[in-house]
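Engineer: Provided herewith: input_11.txt, compact mmCIF, C-alpha atoms and all ligand atoms.
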```txt
# COMPACT_ATOMS: atom_id res chain seq x y z
CA MET A 750 -35.14 27.47 -52.33
CA ARG A 751 -37.36 26.36 -49.46
CA SER A 752 -34.43 25.46 -47.23
CA PHE A 753 -33.03 28.93 -47.83
CA PHE A 754 -36.14 30.53 -46.38
CA LYS A 755 -36.11 28.09 -43.44
CA LYS A 756 -32.51 28.90 -42.64
CA PHE A 757 -33.05 32.65 -42.42
CA CYS A 758 -36.46 32.73 -40.75
CA LYS A 759 -36.97 31.56 -37.18
CA SER A 760 -40.64 30.87 -37.93
CA ALA A 761 -42.38 31.33 -34.61
CA PRO A 762 -45.98 30.97 -35.77
CA HIS A 763 -48.12 34.07 -35.57
CA LEU A 764 -46.19 36.39 -33.33
CA THR A 765 -48.11 39.13 -31.57
CA GLN A 766 -47.35 42.80 -31.22
CA GLN A 767 -46.31 42.26 -27.58
CA GLU A 768 -43.60 39.86 -28.71
CA ILE A 769 -42.02 42.22 -31.19
CA ILE A 770 -42.01 45.37 -29.11
CA LYS A 771 -39.80 43.79 -26.45
CA LEU A 772 -36.67 44.53 -28.50
CA PRO A 773 -35.83 47.65 -30.55
CA LEU A 774 -37.76 47.87 -33.81
CA PRO A 775 -36.13 48.74 -37.10
CA ARG A 776 -36.21 52.49 -37.39
CA HIS A 777 -36.61 52.35 -41.14
CA LEU A 778 -38.35 49.52 -43.02
CA ALA A 779 -38.18 49.23 -46.81
CA ILE A 780 -40.47 46.93 -48.79
CA ILE A 781 -40.38 45.60 -52.34
CA MET A 782 -44.07 44.85 -52.71
CA ASP A 783 -43.86 42.06 -55.30
CA GLY A 784 -46.14 39.30 -56.58
CA ASN A 785 -49.38 41.14 -57.30
CA GLY A 786 -49.50 39.74 -60.84
CA ARG A 787 -48.85 36.14 -59.78
CA TRP A 788 -51.42 36.44 -57.00
CA ALA A 789 -54.03 37.52 -59.57
CA LYS A 790 -53.02 34.79 -62.02
CA LYS A 791 -53.36 32.13 -59.34
CA LYS A 792 -56.90 33.33 -58.74
CA GLY A 793 -57.76 33.64 -62.45
CA LEU A 794 -58.09 37.42 -62.13
CA PRO A 795 -56.64 40.24 -64.27
CA ARG A 796 -53.27 41.59 -63.08
CA ALA A 797 -54.89 44.90 -62.14
CA ALA A 798 -56.96 43.04 -59.51
CA GLY A 799 -53.67 41.94 -57.97
CA HIS A 800 -52.47 45.52 -57.80
CA ARG A 801 -55.74 46.56 -56.18
CA ALA A 802 -55.38 43.84 -53.55
CA GLY A 803 -51.76 44.94 -53.07
CA ALA A 804 -52.91 48.49 -52.28
CA GLU A 805 -55.08 47.03 -49.52
CA THR A 806 -52.03 45.28 -48.02
CA LEU A 807 -50.16 48.58 -48.09
CA ARG A 808 -52.97 50.22 -46.12
CA LEU A 809 -52.72 47.48 -43.51
CA ILE A 810 -48.93 47.69 -43.22
CA VAL A 811 -48.96 51.49 -42.90
CA GLU A 812 -51.50 51.15 -40.08
CA THR A 813 -49.31 48.57 -38.34
CA CYS A 814 -46.18 50.72 -38.64
CA LEU A 815 -48.11 53.56 -36.99
CA GLU A 816 -49.37 51.26 -34.26
CA VAL A 817 -45.95 49.93 -33.31
CA GLY A 818 -44.29 53.33 -33.70
CA MET A 819 -41.96 52.75 -36.61
CA PRO A 820 -40.79 56.19 -37.84
CA TYR A 821 -39.83 55.46 -41.50
CA LEU A 822 -41.38 53.23 -44.16
CA THR A 823 -40.28 53.17 -47.79
CA VAL A 824 -42.25 51.19 -50.36
CA TYR A 825 -41.37 50.40 -53.97
CA ALA A 826 -44.48 51.20 -55.98
CA PHE A 827 -43.17 51.72 -59.53
CA SER A 828 -39.64 51.34 -60.89
CA THR A 829 -37.95 53.13 -63.79
CA GLU A 830 -38.04 49.70 -65.50
CA ASN A 831 -41.78 49.14 -64.96
CA TRP A 832 -42.53 51.33 -68.04
CA LYS A 833 -41.61 48.21 -70.03
CA ARG A 834 -44.93 46.66 -69.03
CA PRO A 835 -47.95 46.75 -71.36
CA PRO A 836 -49.48 50.26 -71.51
CA GLU A 837 -52.78 49.02 -70.00
CA GLU A 838 -50.99 47.76 -66.92
CA VAL A 839 -49.05 51.02 -66.50
CA LYS A 840 -52.33 52.91 -66.86
CA ALA A 841 -54.01 50.71 -64.25
CA LEU A 842 -51.11 51.24 -61.83
CA MET A 843 -51.22 55.02 -62.24
CA ALA A 844 -55.01 55.07 -61.81
CA LEU A 845 -54.64 53.00 -58.67
CA LEU A 846 -52.07 55.41 -57.27
CA VAL A 847 -54.49 58.30 -57.76
CA GLU A 848 -57.29 56.26 -56.18
CA TYR A 849 -55.14 55.24 -53.23
CA ILE A 850 -54.23 58.85 -52.46
CA GLU A 851 -57.82 60.03 -52.84
CA LYS A 852 -59.11 57.31 -50.55
CA GLU A 853 -56.39 57.36 -47.93
CA LEU A 854 -55.14 60.95 -47.73
CA GLN A 855 -57.58 62.14 -45.06
CA GLN A 856 -56.81 59.22 -42.76
CA LEU A 857 -53.07 59.43 -43.36
CA LYS A 858 -53.16 63.12 -42.56
CA GLN A 859 -55.05 62.55 -39.33
CA ASN A 860 -52.72 59.75 -38.31
CA GLY A 861 -49.61 61.92 -38.59
CA VAL A 862 -48.17 60.36 -41.75
CA LYS A 863 -45.85 62.45 -43.86
CA ILE A 864 -46.01 61.38 -47.50
CA LYS A 865 -42.87 61.85 -49.51
CA THR A 866 -42.12 60.49 -52.95
CA ILE A 867 -38.74 59.44 -54.26
CA GLY A 868 -38.16 59.07 -58.01
CA ASN A 869 -38.82 61.14 -61.07
CA ILE A 870 -42.40 62.33 -60.55
CA SER A 871 -42.38 64.71 -63.53
CA GLU A 872 -42.65 61.78 -65.97
CA LEU A 873 -45.92 60.51 -64.43
CA PRO A 874 -49.34 61.32 -65.94
CA SER A 875 -50.52 64.80 -64.91
CA THR A 876 -53.37 63.55 -62.66
CA ALA A 877 -50.88 61.43 -60.72
CA ILE A 878 -48.47 64.37 -60.41
CA SER A 879 -51.12 66.67 -58.98
CA ARG A 880 -52.40 64.07 -56.46
CA VAL A 881 -48.89 63.26 -55.31
CA GLN A 882 -48.02 66.94 -54.90
CA LYS A 883 -51.24 67.57 -52.98
CA ALA A 884 -50.52 64.64 -50.66
CA GLU A 885 -46.95 65.83 -50.05
CA LYS A 886 -48.05 69.38 -49.39
CA GLU A 887 -50.90 68.50 -47.06
CA THR A 888 -48.85 66.10 -44.96
CA ALA A 889 -45.57 68.06 -44.94
CA HIS A 890 -45.97 69.08 -41.28
CA ASN A 891 -46.55 65.50 -40.03
CA HIS A 892 -43.81 63.50 -38.35
CA LYS A 893 -45.20 60.34 -36.75
CA LEU A 894 -44.39 58.17 -39.77
CA VAL A 895 -42.51 59.21 -42.88
CA LEU A 896 -43.96 57.18 -45.76
CA GLN A 897 -41.60 57.32 -48.73
CA ILE A 898 -43.27 56.07 -51.89
CA ALA A 899 -40.80 55.13 -54.62
CA LEU A 900 -42.48 56.15 -57.88
CA ASN A 901 -40.70 55.99 -61.20
CA TYR A 902 -37.72 55.26 -58.96
CA GLY A 903 -34.42 53.69 -60.00
CA GLY A 904 -31.40 53.35 -57.72
CA ARG A 905 -28.92 53.95 -60.55
CA LYS A 906 -30.86 57.02 -61.71
CA GLU A 907 -30.84 58.36 -58.15
CA ILE A 908 -27.04 57.97 -57.92
CA LEU A 909 -26.58 59.51 -61.38
CA ASP A 910 -28.75 62.49 -60.45
CA ALA A 911 -26.72 63.00 -57.28
CA VAL A 912 -23.44 62.82 -59.20
CA LYS A 913 -24.69 65.33 -61.79
CA SER A 914 -25.82 67.72 -59.10
CA ILE A 915 -22.48 67.46 -57.27
CA ALA A 916 -20.60 67.91 -60.57
CA GLY A 917 -22.64 71.07 -61.20
CA GLU A 918 -21.60 72.51 -57.85
CA VAL A 919 -17.97 71.66 -58.52
CA ALA A 920 -18.09 73.22 -62.00
CA SER A 921 -19.56 76.43 -60.63
CA GLY A 922 -16.79 76.68 -58.06
CA ARG A 923 -19.10 76.28 -55.07
CA LEU A 924 -17.79 72.86 -54.04
CA PRO A 925 -14.09 71.90 -53.77
CA VAL A 926 -13.56 68.30 -55.01
CA ALA A 927 -11.47 67.41 -51.95
CA THR A 928 -14.42 68.02 -49.63
CA ILE A 929 -16.73 65.49 -51.35
CA ASP A 930 -17.44 62.58 -49.01
CA THR A 931 -20.26 60.08 -48.32
CA ALA A 932 -22.23 62.77 -46.49
CA THR A 933 -22.08 64.96 -49.63
CA MET A 934 -23.51 62.07 -51.68
CA GLU A 935 -26.24 61.44 -49.12
CA GLU A 936 -27.28 65.09 -49.13
CA HIS A 937 -27.81 64.83 -52.89
CA LEU A 938 -29.83 61.61 -52.92
CA TYR A 939 -33.66 61.66 -53.10
CA THR A 940 -33.60 60.27 -49.55
CA ALA A 941 -31.58 63.16 -48.06
CA GLY A 942 -32.33 63.50 -44.36
CA VAL A 943 -33.80 60.00 -44.03
CA PRO A 944 -31.71 57.31 -42.29
CA ASP A 945 -30.73 54.20 -44.29
CA PRO A 946 -33.19 51.30 -44.06
CA ASP A 947 -32.48 48.82 -41.27
CA LEU A 948 -34.62 46.09 -42.79
CA LEU A 949 -35.72 45.25 -46.33
CA ILE A 950 -38.65 42.91 -46.95
CA ARG A 951 -39.20 41.49 -50.43
CA THR A 952 -42.26 39.34 -51.07
CA ALA A 953 -42.99 36.77 -53.78
CA GLY A 954 -39.75 34.78 -53.66
CA GLU A 955 -37.50 36.92 -55.84
CA LEU A 956 -33.98 37.25 -54.40
CA ARG A 957 -32.86 40.53 -55.95
CA LEU A 958 -32.98 44.30 -55.47
CA SER A 959 -34.42 45.27 -58.87
CA ASN A 960 -32.67 48.65 -58.76
CA PHE A 961 -34.08 49.69 -55.36
CA LEU A 962 -32.10 51.92 -52.94
CA LEU A 963 -28.69 50.71 -54.15
CA TRP A 964 -26.70 53.22 -52.11
CA GLN A 965 -28.85 53.08 -48.98
CA PHE A 966 -28.87 49.27 -48.62
CA ALA A 967 -25.11 49.05 -47.89
CA TYR A 968 -25.76 47.61 -44.37
CA THR A 969 -29.47 46.81 -44.50
CA GLU A 970 -30.71 43.41 -43.28
CA PHE A 971 -32.65 41.51 -45.98
CA TRP A 972 -35.71 39.36 -45.34
CA PHE A 973 -37.36 37.41 -48.13
CA THR A 974 -40.62 35.49 -48.24
CA GLU A 975 -42.40 33.49 -50.93
CA VAL A 976 -45.74 35.03 -49.86
CA PHE A 977 -47.27 37.24 -52.58
CA TRP A 978 -47.76 40.87 -51.53
CA PRO A 979 -51.61 40.72 -51.50
CA ASP A 980 -51.35 37.72 -49.12
CA PHE A 981 -48.84 39.46 -46.83
CA LYS A 982 -50.44 40.02 -43.42
CA VAL A 983 -49.52 41.69 -40.15
CA HIS A 984 -48.15 38.44 -38.70
CA HIS A 985 -45.70 38.19 -41.63
CA LEU A 986 -44.47 41.69 -40.80
CA TYR A 987 -44.08 40.73 -37.14
CA GLN A 988 -42.12 37.64 -38.21
CA ALA A 989 -39.76 39.76 -40.32
CA ILE A 990 -39.22 42.20 -37.45
CA TYR A 991 -38.67 39.34 -34.99
CA ASP A 992 -36.05 37.73 -37.26
CA TYR A 993 -34.40 41.12 -37.71
CA GLN A 994 -34.19 41.55 -33.95
CA TYR A 995 -32.14 38.34 -33.70
CA ARG A 996 -29.70 39.26 -36.46
CA GLN A 997 -26.24 40.34 -35.42
CA ARG A 998 -25.34 43.60 -37.14
CA ARG A 999 -21.61 44.17 -37.17
CA PHE A 1000 -21.13 46.92 -39.79
CA GLY A 1001 -17.73 45.48 -40.56
CA GLY A 1002 -16.58 45.47 -36.95
CA LEU A 1003 -16.49 42.68 -34.39
CA LYS A 1004 -19.28 41.79 -32.02
C1 LIG B 1 -45.46 44.25 -57.89
O1 LIG B 1 -46.13 43.15 -58.41
C2 LIG B 1 -46.07 45.55 -58.32
C3 LIG B 1 -45.28 46.31 -59.28
C4 LIG B 1 -44.14 45.96 -59.80
C5 LIG B 1 -45.83 47.57 -59.73
P1 LIG B 1 -45.83 42.59 -59.86
O2 LIG B 1 -46.76 43.24 -60.83
O3 LIG B 1 -44.41 42.70 -60.19
O4 LIG B 1 -46.23 41.07 -59.69
P2 LIG B 1 -45.52 39.82 -60.35
O5 LIG B 1 -44.09 39.89 -59.97
O6 LIG B 1 -45.73 39.93 -61.83
O7 LIG B 1 -46.22 38.65 -59.76
C1 LIG B 2 -39.82 45.55 -58.40
O1 LIG B 2 -40.60 44.52 -58.83
C2 LIG B 2 -40.53 46.85 -58.54
C3 LIG B 2 -41.69 47.04 -57.68
C4 LIG B 2 -42.11 46.23 -56.76
C5 LIG B 2 -42.39 48.30 -57.87
P1 LIG B 2 -40.53 43.96 -60.33
O2 LIG B 2 -41.57 42.91 -60.43
O3 LIG B 2 -40.62 45.07 -61.30
O4 LIG B 2 -39.07 43.35 -60.39
P2 LIG B 2 -38.42 42.28 -61.38
O5 LIG B 2 -38.73 42.71 -62.78
O6 LIG B 2 -39.04 40.96 -61.07
O7 LIG B 2 -36.96 42.30 -61.05
MG MG B 3 -42.82 41.48 -59.95
```
Write the structure described by the file as structure tokens, please.

Structural biologist:
Amino acid sequence: MRSFFKKFCKSAPHLTQQEIIKLPLPRHLAIIMDGNGRWAKKKGLPRAAGHRAGAETLRLIVETCLEVGMPYLTVYAFSTENWKRPPEEVKALMALLVEYIEKELQQLKQNGVKIKTIGNISELPSTAISRVQKAEKETAHNHKLVLQIALNYGGRKEILDAVKSIAGEVASGRLPVATIDTATMEEHLYTAGVPDPDLLIRTAGELRLSNFLLWQFAYTEFWFTEVFWPDFKVHHLYQAIYDYQYRQRRFGGLK
């Protein structure tokens, strides 16, 4: 496992902002913020303390994306499968979401962040729904950084929803089958209008997608680290960006 991480990471210790802005940045960064529970366990704390520390890391990463001028950030906050967790943990996560929005909204608004959620929001507790809707409404006019928060999000559900919606248009006679192409699909995804992620970061050593952005990751560059999300710092982000900048993206063609 360790050699895997060595092979794919150049590991220049503690890069600075100057070093990563020399080359084009990813336009869209996606993050699977994983390892909050293990971080808490290692410290002998309840899992909720790990989620709280994770929210702090998110604040830091959003600030950094604004600083370097990255236009799109998508973070995986709660999956359609995370309902399988004990009810107390789900409750703690929802409470933390409400708290995060209450604490951060003013600053995010001022900093030009547009908050957008992807996933089935209607199944969340009502307090979470109202905070999320408020945040989306009050930041709708912003455009410096689009922050997509994946909440009750599942990649397969997103594709299914798109297919159902397209099928509905076909059935009603509004859409001829022969005209359906990848652009049609993209227009019906939760992420319509947002470019595909250039770079995916997953923390905490897991080498899988866990049902995140299955359609959109077709040509995304993946970067994994064993660092738990609450321990993830700005220099880790710079490292990921630096490694990304030295990848050769071919999109199926030749260099
Ligand atoms: C990620 O941390 C946060 C969510 C999935 C909501 P985890 O809670 O999955 O942490 P680990 O993987 O158990 O360490
Ligand atoms: C993915 O992490 C979901 C989020 C980070 C919100 P999980 O911890 O739920 O993923 P698995 O269960 O290890 O695949
Ligand atoms: Mg996990």

Engineer: What does the structure give for the distance between atom C3 of ligand LIG 1 (chain B) and CA of Leu958 (chain A), in Å to one decimal?

Structural biologist: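 Atom-to-atom, atom C3 of ligand LIG 1 (chain B) and CA of Leu958 (chain A) are spaced 13.0 Å apart.
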
Engineer: First collect every listed atom of ligand LIG 2 (chain B); then fit an axis-aligned box around them, widen it by 4 Å on each side, and give centre and edge lengths in Å to one decimal, as lines of an AutoDock Vina configuration file.

Structural biologist:
```
center_x = -39.7
center_y = 44.6
center_z = -59.8
size_x = 13.4
size_y = 15.3
size_z = 14.0
```

Engineer: Counting all atoms listed in the file, what are the residues of region 760-839 of chain A within 12 Å of region 905-923 of chain A, and for each of them which pair of atoms is the nearest and at what distance in Å, to one decimal? Sort the table by chain and rising number, as CSV.

Structural biologist:
```
residue,atom,partner,partner_atom,distance
A:Ser828,CA,A:Lys906,CA,10.5
A:Thr829,CA,A:Lys906,CA,8.4
A:Glu830,CA,A:Lys906,CA,10.9
```

Engineer: Would you tabulate, counting only C-alpha atoms and all ligand atoms, all residues of chain A that have an atom at most 8 Å from an atom of ligand LIG 2 (chain B), showing the closest pair of atoms and their distance in Å to one decimal, sorted by chain then ascending number, as a tab-separated table?

Structural biologist:
```
residue	atom	partner	partner_atom	distance
A:Ile781	CA	B:LIG2	C4	4.8
A:Met782	CA	B:LIG2	C4	4.7
A:Asp783	CA	B:LIG2	C4	4.8
A:Gly784	CA	B:LIG2	O2	7.0
A:Tyr825	CA	B:LIG2	C5	4.5
A:Ala826	CA	B:LIG2	C5	4.0
A:Phe827	CA	B:LIG2	C5	3.9
A:Ser828	CA	B:LIG2	C5	5.1
A:Glu830	CA	B:LIG2	O3	6.8
A:Asn831	CA	B:LIG2	O3	5.6
A:Ala899	CA	B:LIG2	C5	7.7
A:Leu900	CA	B:LIG2	C5	7.9
A:Glu955	CA	B:LIG2	O6	6.8
A:Arg957	CA	B:LIG2	O7	6.8
A:Leu958	CA	B:LIG2	O7	7.1
A:Ser959	CA	B:LIG2	O7	4.5
A:Asn960	CA	B:LIG2	C1	7.8
A:Phe961	CA	B:LIG2	C1	7.7
```

Engineer: Find the residues near Thr823 (chain A): any atom within 6 Å, counting only C-alpha atoms, skip ones fewer than 4 places away on the same chain, and give them as an NGL selection string.

Structural biologist: :A and (779 or 896-898)

Engineer: Using all atoms listed in the file, pick whichever of A:Ala877, A:Lys982, A:Thr969, A:Ile780 has the shortest atom-to-atom distance to Arg999 (chain A).

Structural biologist: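 Result for the nearest residue to Arg999 (chain A): A:Thr969.
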
Engineer: Between atom O7 of ligand LIG 1 (chain B) and CA of Val976 (chain A), what is the spacing in Å?

Structural biologist: 10.6 Å

Engineer: CA of His777 (chain A) to CA of Met934 (chain A): how many Å, to one decimal?

Structural biologist: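 Spanning CA of His777 (chain A) to CA of Met934 (chain A) is a straight-line distance of 19.4 Å.
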